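Encoded as structure tokens, the structure appears first; notes follow it.
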There are 2 protein chains.
Amino acid sequence: MRITIIGSGNVATVLAFALKRGGHEIVQVYSRTKANAIELAEQVDAKAVNEFADIHVNADLYIVSVKDDVIAKTANSFNVDGKIVVHTAGSIPMEVLKASSDNYGVFYPLQTFSKQRTQSFESIPICLEASDERTMKALKELANSISTNVTEVNSEQRKVLHLTAVFACNFVNHLYTLSEQLLKEHKLSFDYIRPLIIETAEKIKNINPLEAQTGPARRNDQQVMLSHLQMLENEPVLKSIYTLLSESIVNTYNSQQ
Amino acid sequence: MRITIIGSGNVATVLAFALKRGGHEIVQVYSRTKANAIELAEQVDAKAVNEFADIHVNADLYIVSVKDDVIAKTANSFNVDGKIVVHTAGSIPMEVLKASSDNYGVFYPLQTFSKQRTQSFESIPICLEASDERTMKALKELANSISTNVTEVNSEQRKVLHLTAVFACNFVNHLYTLSEQLLKEHKLSFDYIRPLIIETAEKIKNINPLEAQTGPARRNDQQVMLSHLQMLENEPVLKSIYTLLSESIVNTYNSQQ
């Protein structure tokens, strides 16, 4: 497929690489900031553009991968009727793309992306939605060329998946950040807990997270929880998070008995 | 070393296996519940006992691996003066073991354990503390026989490590549990987010978690966060967690600018 990428952030970058590796041609890369367009375009042998007027109609597919709150505005800024336009967002309805083309859809890879990390797309769930069957067929072919984990997902389900991803990824990563800060304050290396972080994630490959739970709140060990809260006396945010999540754990296991 | 294990929970079980594999002899396994003592003892070729009076003094080391709130009571229930007694807890002072022996210490493996999972101890940080140099020397030799990641850590540091582990492991796993519940309520498979969970943890092997952060709160995308909160209208606990953690993320990145 001949593909134009609109955007140059994490998702746009990782997706452009994966599609290129999958044998597709990246025709153009658009970014509001010329330097960003050039940086990505050069890496995938595409032309860089930073004006909507310069987006050619010679691609088969246009992937709008920009911040959620500017997707609609972006779709209003170019028109490629007859071609397919998709966005890659979890929580944005696909209908905002109508302005660009009658054939539109969603190509949502359920994963966290950083430019610094090259990821194989093979096992990444790609959730598809399309305005019509012909568009869905084309998107499926494309998705199957880079992943073995492709499903049709409606807008409502996609929103739930995105919300869940916030809990399972964004909040989890923030807990890593808070952990690092806590260790740093006490001049302890983050390396101490790296094996723990990996094992916590690996564990749920074969144990249900409900069963995998360990720690003072799981045991309802009030004494240890109290001593932890005392250590957080001067850290109001950490203290609130500790209290709220511990209560949630205690209630999860008590209400089951 | 000849080792007696007091306890039959997750840590006691995984540690007994690792020590056995490391070439040590497990002499006895004590558990209050005879069946539990037998179950573990049989697997490591040890004798099972369920009375403190039956604990022999013929081992070199006694590992007290019971719930935090019964460690002190357990130490008061047997005496093996001249031998080494350790516990494996993050937040309990080692002095509670004085009642069992003059040579005591802490053997704290910084990891989450489940009986269902066999783990190599090789990269697990083992944090040691001891009443005297001779005891420390013996504990180091033992720890080095099963891990390449052995350090001396004082009580204060150990408490910080344990508190951090609650954030980086226990709370993280609970977020997995909440994610699974959320998906289940909407009849979506947990498999959708398994690759995301693994990648979120793997990512921080080469990216600092502060930089690895993604998601609506990182972008301060108020519209998406609002729509997520609306989806959680009938889930007060999830809503509170969403609000608190999103605020913490927003503040983390705004205060840096």
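Every chain in the structure tokens takes a letter, A first, then B, and so on in the order presented; its residues are numbered from 1, and the ligands are numbered from 1 following the presented order.
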
With DSSP run on the backbone, what are the helix (DSSP H, G or I) residues within range 45-177 of chain A? I'd like them as a PyMOL selection string. chain A and resi 52-54+68-75+94-99+133-144+155-177

Which residues come within 8 Å of Ile249 in chain B, counting only C-alpha atoms, excluding same-chain residues fewer than 3 positions away, as a list in words?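 The residues satisfying every condition are His174 of chain A; Ala217, Arg218, Leu245, Ser246, Thr252 and Tyr253 of chain B.
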
Contacts of Met231 in chain A within 12 Å, only C-alpha atoms, excl. fewer than 5 positions in-chain, as a VMD selection string: (chain A and resid 182 186 224 to 226 236 238 to 239 242) or (chain B and resid 91 156 to 157 159 to 164)

Pick out the residues sitting within 6 Å of Thr88 in chain B, and hand them over as a count of residues only; count only C-alpha atoms, and ignore anything fewer than 3 positions along from it in its own chain. 4

Within 7 Å of range 191-199 of chain B using only C-alpha atoms, minus same-chain residues under 6 positions, as a list in words: Leu110, Gln111, Thr112, Ile124, Pro125, Ala165, Ala168, Cys169, Ala201 and Glu202 of chain A

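Scanning range 42-163 of chain B with DSSP on the backbone, the strand (DSSP E or B) assignments fall on Lys47, Ala48, Val49, Leu61, Tyr62, Ile63, Val64, Ile84, Val85, Val86, His87, Asn103, Tyr104, Gly105, Val106, Phe107, Tyr108, Pro109, Ile126, Cys127, Leu128, Glu129, Ala130, Val150, Thr151 and Glu152 of chain B.
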
One-decimal distance in Å that lies between CA of Thr177 in chain A and CA of Gln213 in chain B: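 If I compute the distance from CA of Gln213 in chain B to CA of Thr177 in chain A, I get 8.6 Å.
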